[in-house]
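What's in start-v5.cif: mmCIF, C-alpha atoms
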```cif
data_start
#
loop_
_atom_site.label_atom_id
_atom_site.label_comp_id
_atom_site.auth_asym_id
_atom_site.auth_seq_id
_atom_site.Cartn_x
_atom_site.Cartn_y
_atom_site.Cartn_z
CA MET F 185 60.53 -60.18 13.40
CA THR F 186 61.78 -62.93 15.68
CA SER F 187 59.78 -64.03 18.66
CA VAL F 188 60.88 -63.22 22.19
CA GLY F 189 63.37 -65.84 23.33
CA GLY F 190 66.59 -66.33 25.22
CA ASP F 191 67.26 -64.23 28.28
CA VAL F 192 64.74 -61.51 29.06
CA PHE F 193 66.08 -58.84 31.37
CA LEU F 194 63.41 -57.62 33.77
CA ALA F 195 64.10 -54.31 35.47
CA ASP F 196 62.64 -50.94 34.54
CA ARG F 197 62.03 -52.28 31.06
CA VAL F 198 61.94 -55.56 29.19
CA GLU F 199 64.80 -56.14 26.76
CA PHE F 200 63.86 -58.04 23.63
CA PRO F 201 66.76 -59.77 21.78
CA VAL F 202 66.17 -58.22 18.35
CA ASP F 203 68.96 -57.50 15.85
CA GLU F 204 69.51 -54.06 14.35
CA ALA F 205 68.14 -54.83 10.89
CA GLU F 206 64.90 -56.19 12.32
CA ALA F 207 64.61 -53.21 14.62
CA LYS F 208 64.90 -50.75 11.71
CA ALA F 209 62.21 -52.60 9.78
CA ALA F 210 59.95 -52.60 12.82
CA VAL F 211 60.30 -48.83 13.25
CA ALA F 212 58.61 -48.29 9.90
CA PHE F 213 55.62 -50.36 10.97
CA LEU F 214 55.58 -48.64 14.36
CA ALA F 215 55.34 -45.25 12.66
CA LYS F 216 52.81 -46.35 10.02
CA HIS F 217 50.44 -48.06 12.44
CA ARG F 218 51.08 -45.83 15.49
CA VAL F 219 52.01 -48.83 17.65
CA ARG F 220 52.20 -47.69 21.27
CA VAL F 221 51.77 -48.92 24.82
CA LEU F 222 48.73 -47.51 26.62
CA PRO F 223 49.61 -46.68 30.25
CA ALA F 224 46.18 -47.50 31.68
CA GLU F 225 46.25 -47.81 35.46
CA SER F 226 42.65 -48.76 36.22
CA LEU F 227 39.95 -50.95 34.75
CA ALA F 228 37.98 -47.83 33.86
CA GLU F 229 40.91 -46.50 31.83
CA VAL F 230 41.29 -49.86 30.10
CA ALA F 231 37.59 -49.86 29.20
CA ARG F 232 37.83 -46.31 27.88
CA GLU F 233 40.68 -47.22 25.53
CA LEU F 234 38.93 -50.39 24.37
CA ALA F 235 35.71 -48.52 23.67
CA LYS F 236 37.56 -46.24 21.22
CA THR F 237 37.84 -49.22 18.87
CA GLY F 238 34.08 -49.32 18.43
CA SER F 239 33.90 -52.75 20.03
CA GLU F 240 30.62 -54.06 21.41
CA PRO F 241 30.09 -53.08 25.08
CA GLU F 242 29.99 -56.76 26.04
CA GLY F 243 33.41 -57.27 24.46
CA VAL F 244 34.80 -54.19 26.18
CA ALA F 245 33.64 -55.49 29.56
CA LEU F 246 35.12 -58.93 28.92
CA ILE F 247 38.52 -57.70 27.75
CA ALA F 248 38.80 -54.89 30.33
CA ARG F 249 38.94 -57.43 33.13
CA LYS F 250 41.96 -58.98 31.41
CA GLY F 251 43.70 -55.65 30.90
CA ILE F 252 45.62 -55.21 34.16
CA VAL F 253 47.60 -57.76 36.12
CA TRP F 254 47.71 -57.05 39.83
CA LEU F 255 50.37 -58.48 42.09
CA VAL F 256 49.05 -59.51 45.50
CA ARG F 257 51.48 -60.49 48.25
CA ILE F 258 50.43 -62.94 50.96
CA ASP F 259 52.73 -63.65 53.90
CA ASP F 260 53.06 -66.86 55.89
CA VAL F 261 51.26 -69.34 53.61
CA SER F 262 51.59 -72.93 54.80
CA LEU F 263 53.35 -75.72 52.94
CA LYS F 264 50.01 -77.44 52.34
CA ALA F 265 48.17 -74.33 51.17
CA ALA F 266 50.81 -72.79 48.87
CA PRO F 267 50.79 -75.49 46.12
CA LEU F 268 46.99 -75.51 46.01
CA LEU F 269 46.92 -71.74 45.76
CA LYS F 270 49.34 -71.79 42.81
CA GLN F 271 47.44 -74.66 41.17
CA GLU F 272 44.14 -72.79 41.30
CA LEU F 273 45.72 -69.58 39.94
CA LEU F 274 47.24 -71.47 37.04
CA ALA F 275 43.88 -73.09 36.31
CA VAL F 276 42.23 -69.71 35.73
CA GLY F 277 45.14 -68.23 33.77
CA GLY F 278 47.06 -66.50 36.53
CA ASP F 279 50.20 -67.56 38.35
CA ALA F 280 51.91 -67.43 41.73
CA ALA F 281 55.51 -67.20 42.94
CA GLN F 282 56.52 -68.99 46.12
CA ALA F 283 59.65 -70.24 47.88
CA ARG F 284 61.67 -72.91 46.08
CA GLY F 285 61.50 -75.00 49.24
CA ILE F 286 57.78 -75.55 48.83
CA ALA F 287 58.49 -78.06 46.03
CA ASP F 288 60.87 -80.24 48.04
CA HIS F 289 59.24 -79.60 51.43
CA SER F 290 62.40 -77.99 52.82
CA VAL F 291 60.36 -75.07 54.18
CA ASP F 292 57.06 -75.19 55.99
CA ARG F 293 55.84 -71.67 55.14
CA SER F 294 56.33 -69.16 52.34
CA VAL F 295 55.57 -65.69 51.12
CA VAL F 296 53.40 -66.02 47.99
CA VAL F 297 52.95 -63.34 45.33
CA LEU F 298 49.93 -63.79 43.08
CA ALA F 299 49.77 -62.39 39.54
CA ALA F 300 46.36 -62.28 37.88
CA THR F 301 43.80 -60.06 36.20
CA ALA F 302 40.57 -58.89 37.82
CA GLY F 303 38.60 -61.59 36.05
CA GLU F 304 41.07 -64.29 37.09
CA TYR F 305 40.94 -63.20 40.73
CA GLN F 306 37.16 -63.24 40.57
CA ARG F 307 37.17 -66.84 39.32
CA VAL F 308 39.84 -68.11 41.67
CA VAL F 309 38.12 -66.78 44.81
CA ALA F 310 35.12 -68.97 44.07
CA LYS F 311 37.39 -71.98 43.50
CA LEU F 312 39.39 -71.40 46.70
CA ASP F 313 36.20 -71.51 48.73
CA ARG F 314 36.02 -75.23 48.01
CA GLN F 315 39.59 -75.91 49.14
CA PRO F 316 40.90 -76.83 52.62
CA PHE F 317 43.61 -75.13 54.74
CA HIS F 318 41.61 -71.89 55.14
CA LEU F 319 42.08 -71.04 51.45
CA GLY F 320 38.47 -69.84 51.29
CA ASP F 321 39.20 -67.21 53.95
CA LEU F 322 42.43 -66.32 52.18
CA GLY F 323 40.59 -65.85 48.90
CA ARG F 324 38.09 -63.51 50.51
CA ALA F 325 40.97 -61.52 52.04
CA VAL F 326 42.55 -61.19 48.58
CA GLU F 327 39.21 -60.06 47.18
CA LEU F 328 38.87 -57.45 49.95
CA ALA F 329 42.42 -56.15 49.48
CA ILE F 330 41.83 -55.65 45.74
CA ARG F 331 38.49 -53.97 46.37
CA ASN F 332 40.09 -51.63 48.90
CA TYR F 333 43.06 -50.88 46.66
CA THR F 334 40.93 -50.04 43.63
CA HIS F 335 38.26 -48.08 45.53
CA ALA F 336 37.78 -44.78 43.72
CA ALA F 337 34.42 -43.42 44.90
CA PRO F 338 34.28 -40.49 47.34
CA ARG F 339 33.64 -41.36 50.98
CA ILE F 340 32.99 -39.38 54.13
CA ILE F 341 35.26 -39.35 57.16
CA GLY F 342 33.26 -38.53 60.24
CA GLY F 343 34.69 -36.43 63.03
CA ALA F 344 33.75 -35.27 66.49
CA HIS F 345 32.17 -32.08 65.09
CA ARG F 346 32.78 -31.82 61.32
CA ARG F 347 33.07 -34.22 58.39
CA LEU F 348 35.37 -34.43 55.37
CA THR F 349 34.82 -36.03 51.98
CA VAL F 350 37.88 -37.79 50.54
CA GLY F 351 38.38 -39.51 47.21
CA ASP F 352 36.87 -36.79 45.05
CA ARG F 353 40.25 -35.01 44.78
CA PRO F 354 43.54 -35.02 46.73
CA LYS F 355 43.04 -33.20 50.03
CA VAL F 356 45.51 -31.01 51.90
CA MET F 357 46.13 -30.93 55.65
CA GLY F 358 47.80 -27.68 56.65
CA VAL F 359 50.25 -27.69 59.59
CA VAL F 360 50.37 -25.18 62.43
CA ASN F 361 52.97 -25.86 65.15
CA VAL F 362 52.40 -24.04 68.42
CA THR F 363 55.90 -24.98 69.60
CA PRO F 364 59.27 -23.33 70.20
CA ASP F 365 61.28 -26.24 68.78
CA SER F 366 59.58 -27.89 65.77
CA PHE F 367 62.08 -28.69 63.00
CA SER F 368 60.50 -26.40 60.39
CA ASP F 369 58.55 -23.56 61.99
CA GLY F 370 59.39 -23.80 65.68
CA GLY F 371 58.67 -20.49 67.41
CA ASP F 372 56.96 -18.92 64.39
CA PHE F 373 53.42 -19.39 65.75
CA LEU F 374 53.99 -19.85 69.47
CA SER F 375 51.63 -17.06 70.51
CA PRO F 376 47.91 -17.93 70.27
CA GLY F 377 47.22 -14.93 68.06
CA ASP F 378 49.89 -15.91 65.55
CA ALA F 379 48.75 -19.55 65.50
CA ILE F 380 45.10 -18.59 64.97
CA ALA F 381 46.02 -16.21 62.16
CA ARG F 382 48.21 -18.88 60.56
CA ALA F 383 45.41 -21.46 60.65
CA GLU F 384 42.93 -19.04 59.11
CA GLY F 385 45.49 -18.14 56.46
CA LEU F 386 46.00 -21.80 55.55
CA VAL F 387 42.25 -22.22 55.10
CA ARG F 388 42.18 -19.23 52.76
CA GLU F 389 45.02 -20.88 50.81
CA GLY F 390 42.90 -24.02 50.39
CA ALA F 391 43.63 -26.32 53.34
CA ASP F 392 40.90 -28.94 53.77
CA VAL F 393 42.03 -29.87 57.31
CA VAL F 394 44.09 -27.87 59.79
CA ASP F 395 46.47 -29.86 62.01
CA ILE F 396 47.48 -28.14 65.26
CA GLY F 397 50.45 -29.48 67.24
CA ALA F 398 51.96 -28.31 70.50
CA GLU F 399 54.74 -30.87 71.02
CA SER F 400 57.69 -31.26 68.68
CA THR F 401 58.17 -34.86 67.55
CA ARG F 402 61.29 -34.23 65.46
CA PRO F 403 64.09 -36.78 65.95
CA GLY F 404 65.65 -36.34 69.38
CA ALA F 405 63.08 -33.82 70.60
CA SER F 406 62.56 -33.54 74.35
CA PRO F 407 59.08 -34.64 75.50
CA THR F 408 56.55 -31.97 76.41
CA SER F 409 54.36 -32.52 79.45
CA PRO F 410 50.60 -32.84 78.82
CA GLU F 411 50.05 -29.75 80.97
CA VAL F 412 52.35 -27.57 78.88
CA GLU F 413 51.03 -29.05 75.66
CA TRP F 414 47.45 -28.27 76.61
CA SER F 415 48.29 -24.73 77.75
CA ARG F 416 49.57 -24.04 74.23
CA LEU F 417 46.63 -25.70 72.49
CA ALA F 418 43.65 -24.51 74.53
CA PRO F 419 43.31 -20.88 73.36
CA VAL F 420 44.04 -21.82 69.74
CA LEU F 421 41.52 -24.66 69.52
CA THR F 422 38.81 -22.71 71.32
CA ALA F 423 39.11 -19.83 68.87
CA LEU F 424 39.38 -21.98 65.75
CA HIS F 425 36.38 -24.12 66.68
CA ALA F 426 34.22 -21.03 66.38
CA ARG F 427 35.90 -19.71 63.23
CA LEU F 428 36.65 -22.64 60.93
CA ASP F 429 34.17 -24.58 58.82
CA ARG F 430 36.43 -27.58 58.19
CA PRO F 431 37.92 -30.31 60.35
CA ILE F 432 40.54 -29.47 62.95
CA SER F 433 43.11 -32.15 63.78
CA VAL F 434 45.15 -32.19 66.97
CA ASP F 435 48.64 -33.67 66.72
CA THR F 436 49.18 -35.32 70.12
CA ARG F 437 50.43 -38.53 71.75
CA HIS F 438 48.70 -37.90 75.08
CA ALA F 439 45.22 -39.25 75.79
CA GLU F 440 44.32 -36.53 78.30
CA VAL F 441 45.30 -33.83 75.81
CA ALA F 442 43.31 -35.52 73.06
CA ARG F 443 40.16 -35.62 75.21
CA GLN F 444 40.46 -31.95 76.14
CA ALA F 445 41.17 -31.04 72.52
CA VAL F 446 38.10 -32.82 71.21
CA ASP F 447 35.96 -31.18 73.90
CA ALA F 448 37.38 -27.82 72.78
CA GLY F 449 36.56 -28.41 69.11
CA ALA F 450 39.06 -30.79 67.53
CA ASP F 451 37.60 -33.34 65.11
CA TRP F 452 40.57 -35.64 64.52
CA VAL F 453 43.40 -37.01 66.64
CA ASN F 454 46.68 -37.30 64.73
CA ASP F 455 48.65 -39.71 66.90
CA VAL F 456 52.26 -40.26 65.80
CA SER F 457 52.49 -43.21 68.21
CA GLY F 458 49.76 -45.04 66.29
CA LEU F 459 47.11 -45.40 69.04
CA ARG F 460 49.41 -47.72 71.02
CA ASP F 461 48.08 -46.32 74.31
CA PRO F 462 44.79 -48.04 75.30
CA ALA F 463 43.73 -44.79 76.96
CA MET F 464 44.09 -42.98 73.63
CA ARG F 465 41.97 -45.61 71.90
CA ARG F 466 39.28 -45.15 74.54
CA VAL F 467 39.30 -41.37 74.07
CA VAL F 468 38.94 -41.65 70.32
CA ALA F 469 36.19 -44.28 70.56
CA ASP F 470 34.27 -42.38 73.26
CA THR F 471 34.40 -38.97 71.59
CA GLY F 472 33.65 -40.06 68.01
CA ALA F 473 36.81 -38.38 66.75
CA ALA F 474 38.58 -39.62 63.63
CA ALA F 475 42.17 -40.78 64.10
CA VAL F 476 45.28 -40.82 61.95
CA VAL F 477 47.21 -43.98 62.88
CA MET F 478 50.90 -43.49 62.10
CA HIS F 479 53.72 -46.02 62.04
CA LEU F 480 56.49 -45.25 64.53
CA ARG F 481 59.15 -47.38 66.15
CA GLY F 482 59.96 -46.35 69.68
CA ASP F 483 59.37 -42.65 70.34
CA PRO F 484 60.81 -39.39 68.97
CA THR F 485 63.79 -39.54 71.33
CA THR F 486 64.82 -43.04 70.22
CA MET F 487 63.30 -43.62 66.79
CA GLN F 488 66.41 -42.93 64.71
CA SER F 489 68.56 -45.31 66.76
CA ASP F 490 67.05 -48.42 65.16
CA THR F 491 66.29 -48.12 61.45
CA HIS F 492 67.03 -51.73 60.49
CA TYR F 493 64.05 -53.54 58.96
CA GLY F 494 63.93 -57.06 57.57
CA GLU F 495 61.41 -55.96 54.94
CA LEU F 496 60.47 -52.32 55.40
CA ARG F 497 57.17 -52.17 53.53
CA ASP F 498 56.02 -55.50 54.93
CA GLU F 499 56.70 -54.37 58.50
CA VAL F 500 55.02 -50.98 58.10
CA PHE F 501 51.98 -52.53 56.44
CA GLY F 502 51.70 -55.25 59.07
CA TRP F 503 52.14 -52.79 61.93
CA LEU F 504 49.36 -50.55 60.59
CA ALA F 505 47.12 -53.57 59.94
CA ASP F 506 47.53 -54.68 63.56
CA ALA F 507 47.07 -51.16 64.94
CA THR F 508 43.84 -50.53 63.03
CA ALA F 509 42.48 -53.98 63.90
CA THR F 510 43.15 -53.26 67.59
CA ALA F 511 41.50 -49.85 67.30
CA MET F 512 38.35 -51.34 65.81
CA ALA F 513 38.29 -54.10 68.43
CA ASP F 514 38.36 -51.35 71.07
CA GLY F 515 35.32 -49.62 69.61
CA MET F 516 36.64 -47.26 66.96
CA ALA F 517 34.56 -47.01 63.79
CA ALA F 518 36.33 -48.16 60.63
CA ASP F 519 35.09 -45.11 58.72
CA ARG F 520 36.94 -42.82 61.15
CA LEU F 521 40.39 -44.34 60.76
CA LEU F 522 43.18 -43.12 58.50
CA VAL F 523 46.70 -44.54 58.13
CA ASP F 524 50.08 -42.86 57.73
CA PRO F 525 53.39 -44.66 56.93
CA GLY F 526 55.31 -42.24 59.15
CA LEU F 527 57.87 -40.78 56.77
CA GLY F 528 60.80 -39.40 58.75
CA PHE F 529 59.90 -41.36 61.88
CA GLY F 530 62.44 -44.11 62.47
CA LYS F 531 63.49 -44.47 58.82
CA THR F 532 66.54 -43.60 56.77
CA ALA F 533 66.32 -41.31 53.76
CA GLU F 534 66.34 -44.31 51.41
CA GLN F 535 63.58 -46.00 53.40
CA ASN F 536 61.45 -42.87 53.30
CA PHE F 537 61.71 -42.74 49.52
CA GLU F 538 60.82 -46.42 49.25
CA LEU F 539 57.68 -45.87 51.32
CA LEU F 540 56.78 -42.71 49.41
CA GLY F 541 57.01 -44.60 46.13
CA HIS F 542 54.76 -47.40 47.39
CA VAL F 543 52.17 -45.62 49.55
CA GLY F 544 49.43 -47.07 47.36
CA GLU F 545 49.99 -50.48 48.99
CA LEU F 546 48.45 -49.12 52.18
CA ARG F 547 45.14 -48.60 50.36
CA SER F 548 44.72 -52.38 50.59
CA LEU F 549 43.85 -51.91 54.28
CA GLY F 550 40.72 -50.00 53.30
CA PHE F 551 41.49 -46.72 55.07
CA PRO F 552 42.35 -43.33 53.55
CA VAL F 553 46.12 -42.82 53.36
CA VAL F 554 47.77 -39.70 54.81
CA VAL F 555 51.35 -38.81 53.83
CA GLY F 556 53.48 -36.20 55.57
CA ALA F 557 56.73 -35.54 53.73
CA SER F 558 56.70 -31.76 53.93
CA ARG F 559 60.10 -30.10 54.52
CA LYS F 560 61.59 -33.25 56.06
CA SER F 561 65.31 -33.93 56.06
CA PHE F 562 65.18 -36.83 53.61
CA LEU F 563 64.01 -34.34 50.96
CA GLY F 564 66.98 -32.15 51.81
CA ALA F 565 69.27 -35.14 51.36
CA VAL F 566 68.51 -35.27 47.63
CA SER F 567 67.70 -31.61 46.95
CA GLY F 568 70.82 -30.29 48.69
CA THR F 569 68.90 -27.99 51.02
CA GLU F 570 69.97 -27.81 54.66
CA SER F 571 67.26 -25.41 55.84
CA ALA F 572 63.79 -26.94 56.19
CA LYS F 573 62.19 -23.76 54.88
CA ASP F 574 64.19 -24.07 51.64
CA ARG F 575 62.57 -27.42 50.81
CA LYS F 576 59.30 -26.02 49.49
CA ASP F 577 59.73 -27.21 45.90
CA ALA F 578 60.89 -30.68 47.00
CA SER F 579 57.94 -30.86 49.40
CA VAL F 580 55.46 -30.01 46.65
CA ALA F 581 57.01 -32.69 44.42
CA ALA F 582 56.66 -35.26 47.21
CA ALA F 583 53.01 -34.29 47.77
CA VAL F 584 52.25 -34.65 44.07
CA LEU F 585 53.94 -38.06 43.95
CA ALA F 586 52.07 -39.22 47.06
CA ALA F 587 48.73 -38.18 45.56
CA MET F 588 49.51 -39.86 42.25
CA ARG F 589 50.48 -43.07 44.07
CA GLY F 590 47.21 -43.22 45.99
CA ALA F 591 47.35 -40.99 49.08
CA GLU F 592 44.06 -39.22 49.75
CA ILE F 593 45.53 -36.56 52.06
CA VAL F 594 48.93 -34.86 52.16
CA ARG F 595 50.08 -33.07 55.31
CA VAL F 596 52.05 -29.93 54.36
CA HIS F 597 53.39 -26.60 55.54
CA ASP F 598 53.17 -24.86 52.15
CA VAL F 599 49.47 -25.09 51.44
CA ARG F 600 48.98 -22.63 48.58
CA GLU F 601 51.68 -24.14 46.38
CA THR F 602 50.58 -27.70 47.15
CA VAL F 603 46.92 -27.00 46.41
CA ARG F 604 47.85 -25.54 43.03
CA ALA F 605 50.07 -28.49 42.16
CA LEU F 606 47.44 -31.02 43.19
CA SER F 607 44.85 -29.28 41.03
CA VAL F 608 46.94 -30.44 38.05
CA VAL F 609 47.02 -34.01 39.41
CA ASP F 610 43.24 -33.91 39.80
CA ALA F 611 42.72 -32.52 36.30
CA VAL F 612 44.86 -35.27 34.75
CA ARG F 613 43.05 -37.90 36.77
CA LYS F 614 39.62 -36.66 35.70
CA SER F 615 40.63 -36.29 32.04
CA GLY F 616 41.23 -40.02 31.75
CA ARG F 617 38.44 -41.23 33.98
CA SER F 618 35.62 -43.34 32.62
CA GLU F 619 32.51 -43.57 34.72
CA SER F 620 32.65 -47.34 35.05
CA VAL F 621 33.62 -50.62 33.49
CA PRO F 622 30.63 -51.94 31.47
CA ASP F 623 28.92 -54.99 32.96
#
```

Could you render the structure as structure tokens?
Amino acid sequence: MTSVGGDVFLADRVEFPVDEAEAKAAVAFLAKHRVRVLPAESLAEVARELAKTGSEPEGVALIARKGIVWLVRIDDVSLKAAPLLKQELLAVGGDAAQARGIADHSVDRSVVVLAATAGEYQRVVAKLDRQPFHLGDLGRAVELAIRNYTHAAPRIIGGAHRRLTVGDRPKVMGVVNVTPDSFSDGGDFLSPGDAIARAEGLVREGADVVDIGAESTRPGASPTSPEVEWSRLAPVLTALHARLDRPISVDTRHAEVARQAVDAGADWVNDVSGLRDPAMRRVVADTGAAAVVMHLRGDPTTMQSDTHYGELRDEVFGWLADATATAMADGMAADRLLVDPGLGFGKTAEQNFELLGHVGELRSLGFPVVVGASRKSFLGAVSGTESAKDRKDASVAAAVLAAMRGAEIVRVHDVRETVRALSVVDAVRKSGRSESVPD
């Protein structure tokens, strides 16, 4: 069989230039020797497959760290730092892509994408610490991003009154809208009695968190005053605080409503404006509530008027990085922050799908990822369903995809169906999980 040469087409697959006769001969060997690609997605899975060969544990540990190449993107690397970074990666067996202008000094900064295995990253971080131009700090940031991204152990999210463990299985946040105009269930649970019964029903269906909202934030929605918002929330939160044994989240943009809600029993603040208001950050820090920090351009009345992004994922990631850094600087505990890419908020359908397919990138920040795709219009755009309530199956598919791509929590309207679907995701995950990579 000829070696790989000539043009190699890189897209969803790699095309090898092999003629038909050679391909037919190779099929016989493929069948005889069961030649197949192993789709291992973690070092533990790599180690598990290697161990099946009967190799020595020391050999398994050594090879496992060479088994997965991770791409790490770094923005805004200086002209002086970029060549050194590439040089050190090459020296340990990895590589780096950077702007062509770095070579001829026609640019002064570049995006750099690193490509290396776990072992190579481990070696290069130590080498970068001896280099100038802040490469030591950059190496430690790369190390932290990889550690965050690959984190698989359960962890506890504290709250004002109750706690939640994430990371042991995908968790479900059930939605209750105490509004007349929400895009999916507006008016269905406007009375306190109906909202309370709905929340209790979602818990029976398996919701791990209940999210209560009293202001519609659908595109173009009219703002609700804090006074009206609180009048809708107060009786519901007071009753649920006494009845539920799991965290209650309040979906609000208003600091005064958030403070009253936490006092009444809410554990989390789900802020679609991403804690931009300093007063909201103070409330969350003072009360000990957890907070979901969501990406949003503008506000619900204007967000769909500007959906142009230079690089969508880069901007969303950077925005959330800045927002969480500001929150921590203002006194919020890192272990009480969660991030949400804001699907449906200031994005086109295509942009929403791009973010959904890459939510795992946000794990690099070190916070649990929340994804809310349930019943949103971008799902209707591909499923052909105009009514939000007819998007149940598409919503479940989106929740499954989000969980498989790394989201710890999915925010949904259809809890029972989502919980059942995610139980399959969890079973598949556990079936291929090895306890650890041998030392």

Open item on the list: On this structure, the PyMOL selection byres ((chain F and resi 477) around 7) would catch which residues? List them as an MDAnalysis selection string, sorted by chain and number.
Closed with: chainID F and resid 454:456 458:459 475:476 478:479 522:524

Task: Distance criterion (all atoms listed in the file): nearest to Ala587 (chain F) out of F:Leu563, F:Ala300, F:Val350, F:Ala265 - done: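 Looking at the shortest contact to Ala587 (chain F), the residue is F:Val350.
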
Open item on the list: If we draw a sphere of 10 Å around (41.5, -25.6, 54.6), which residues have at least one atom in it when counting only C-alpha atoms? Please report them as a count of residues only.
Closed with: 24

- [ ] Evaluate the PyMOL selection byres ((chain F and resi 308) around 12) and record the selected residues as a PyMOL selection string, following the chain and residue labels used in the document.
- [x] chain F and resi 268-279+298-307+309-315+319-320+322-324+326-327

Find the residues with any atom within 12 Å of (52.3, -48.6, 54.9); use all atoms listed in the file and the coordinates as given in the file, and write the answer as a PDB file with C-alpha atoms, in the frame of the given file.
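Produced file out-v7.pdb, reproduced below:
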```pdb
ATOM      1  CA  VAL F 477      47.210 -43.980  62.880  1.00  0.00           C
ATOM      2  CA  MET F 478      50.900 -43.490  62.100  1.00  0.00           C
ATOM      3  CA  HIS F 479      53.720 -46.020  62.040  1.00  0.00           C
ATOM      4  CA  LEU F 480      56.490 -45.250  64.530  1.00  0.00           C
ATOM      5  CA  GLU F 495      61.410 -55.960  54.940  1.00  0.00           C
ATOM      6  CA  LEU F 496      60.470 -52.320  55.400  1.00  0.00           C
ATOM      7  CA  ARG F 497      57.170 -52.170  53.530  1.00  0.00           C
ATOM      8  CA  ASP F 498      56.020 -55.500  54.930  1.00  0.00           C
ATOM      9  CA  GLU F 499      56.700 -54.370  58.500  1.00  0.00           C
ATOM     10  CA  VAL F 500      55.020 -50.980  58.100  1.00  0.00           C
ATOM     11  CA  PHE F 501      51.980 -52.530  56.440  1.00  0.00           C
ATOM     12  CA  GLY F 502      51.700 -55.250  59.070  1.00  0.00           C
ATOM     13  CA  TRP F 503      52.140 -52.790  61.930  1.00  0.00           C
ATOM     14  CA  LEU F 504      49.360 -50.550  60.590  1.00  0.00           C
ATOM     15  CA  ALA F 505      47.120 -53.570  59.940  1.00  0.00           C
ATOM     16  CA  ASP F 506      47.530 -54.680  63.560  1.00  0.00           C
ATOM     17  CA  ALA F 507      47.070 -51.160  64.940  1.00  0.00           C
ATOM     18  CA  THR F 508      43.840 -50.530  63.030  1.00  0.00           C
ATOM     19  CA  LEU F 522      43.180 -43.120  58.500  1.00  0.00           C
ATOM     20  CA  VAL F 523      46.700 -44.540  58.130  1.00  0.00           C
ATOM     21  CA  ASP F 524      50.080 -42.860  57.730  1.00  0.00           C
ATOM     22  CA  PRO F 525      53.390 -44.660  56.930  1.00  0.00           C
ATOM     23  CA  GLY F 526      55.310 -42.240  59.150  1.00  0.00           C
ATOM     24  CA  LEU F 527      57.870 -40.780  56.770  1.00  0.00           C
ATOM     25  CA  GLN F 535      63.580 -46.000  53.400  1.00  0.00           C
ATOM     26  CA  ASN F 536      61.450 -42.870  53.300  1.00  0.00           C
ATOM     27  CA  GLU F 538      60.820 -46.420  49.250  1.00  0.00           C
ATOM     28  CA  LEU F 539      57.680 -45.870  51.320  1.00  0.00           C
ATOM     29  CA  LEU F 540      56.780 -42.710  49.410  1.00  0.00           C
ATOM     30  CA  GLY F 541      57.010 -44.600  46.130  1.00  0.00           C
ATOM     31  CA  HIS F 542      54.760 -47.400  47.390  1.00  0.00           C
ATOM     32  CA  VAL F 543      52.170 -45.620  49.550  1.00  0.00           C
ATOM     33  CA  GLY F 544      49.430 -47.070  47.360  1.00  0.00           C
ATOM     34  CA  GLU F 545      49.990 -50.480  48.990  1.00  0.00           C
ATOM     35  CA  LEU F 546      48.450 -49.120  52.180  1.00  0.00           C
ATOM     36  CA  ARG F 547      45.140 -48.600  50.360  1.00  0.00           C
ATOM     37  CA  SER F 548      44.720 -52.380  50.590  1.00  0.00           C
ATOM     38  CA  LEU F 549      43.850 -51.910  54.280  1.00  0.00           C
ATOM     39  CA  GLY F 550      40.720 -50.000  53.300  1.00  0.00           C
ATOM     40  CA  PHE F 551      41.490 -46.720  55.070  1.00  0.00           C
ATOM     41  CA  PRO F 552      42.350 -43.330  53.550  1.00  0.00           C
ATOM     42  CA  VAL F 553      46.120 -42.820  53.360  1.00  0.00           C
ATOM     43  CA  VAL F 554      47.770 -39.700  54.810  1.00  0.00           C
ATOM     44  CA  VAL F 555      51.350 -38.810  53.830  1.00  0.00           C
ATOM     45  CA  GLY F 590      47.210 -43.220  45.990  1.00  0.00           C
ATOM     46  CA  ALA F 591      47.350 -40.990  49.080  1.00  0.00           C
TER      47      ALA F 591
END
```

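In this model, the gap between CA of Ser262 (chain F) and CA of Ile330 (chain F) comes to 21.8 Å.
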
Open item on the list: Considering all atoms listed in the file, can you say which of F:Asn332, F:Thr422, F:Thr471, F:Thr401 comes closest to Arg443 (chain F)?
Closed with: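 Closest residue, counting all atoms listed in the file: F:Thr471.
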
Open item on the list: For a test of reading the model, state the distance in Å between CA of Ala565 (chain F) and CA of Thr602 (chain F), rounded to one decimal.
Closed with: 20.6 Å

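Note on the selection: in this file the PyMOL selection byres ((chain F and resi 408) around 6) comes out as Glu399, Pro407 and Ser409 of chain F.
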
Open item on the list: To one decimal place in Å, what is the distance between CA of Phe529 (chain F) and CA of Ser558 (chain F)?
Closed with: 12.9 Å

- [ ] Write out as a PyMOL selection string which residues come within 9 Å of Asp461 (chain F) when counting all atoms listed in the file, dropping same-chain ones fewer than 3 positions away.
- [x] chain F and resi 437-439+457-458+464-466

- [ ] Considering all atoms listed in the file, return as JSON, numbers by chain whatever protein or nucleic-acid residues lie within 12 Å of Ser406 (chain F), sequence-local ones (same chain, fewer than 5 positions apart) excluded.
- [x] {"F": [363, 364, 365, 366, 399, 400, 401, 483, 484, 485, 486]}

Restricting it to C-alpha atoms, dump the selection as a short mmCIF file (atom, residue, chain, number, x, y, z; two decimals), keeping the file's coordinate frame.
```
data_model
loop_
_atom_site.label_atom_id
_atom_site.label_comp_id
_atom_site.auth_asym_id
_atom_site.auth_seq_id
_atom_site.Cartn_x
_atom_site.Cartn_y
_atom_site.Cartn_z
CA THR F 363 55.90 -24.98 69.60
CA PRO F 364 59.27 -23.33 70.20
CA ASP F 365 61.28 -26.24 68.78
CA SER F 366 59.58 -27.89 65.77
CA GLU F 399 54.74 -30.87 71.02
CA SER F 400 57.69 -31.26 68.68
CA THR F 401 58.17 -34.86 67.55
CA ASP F 483 59.37 -42.65 70.34
CA PRO F 484 60.81 -39.39 68.97
CA THR F 485 63.79 -39.54 71.33
CA THR F 486 64.82 -43.04 70.22
#
```
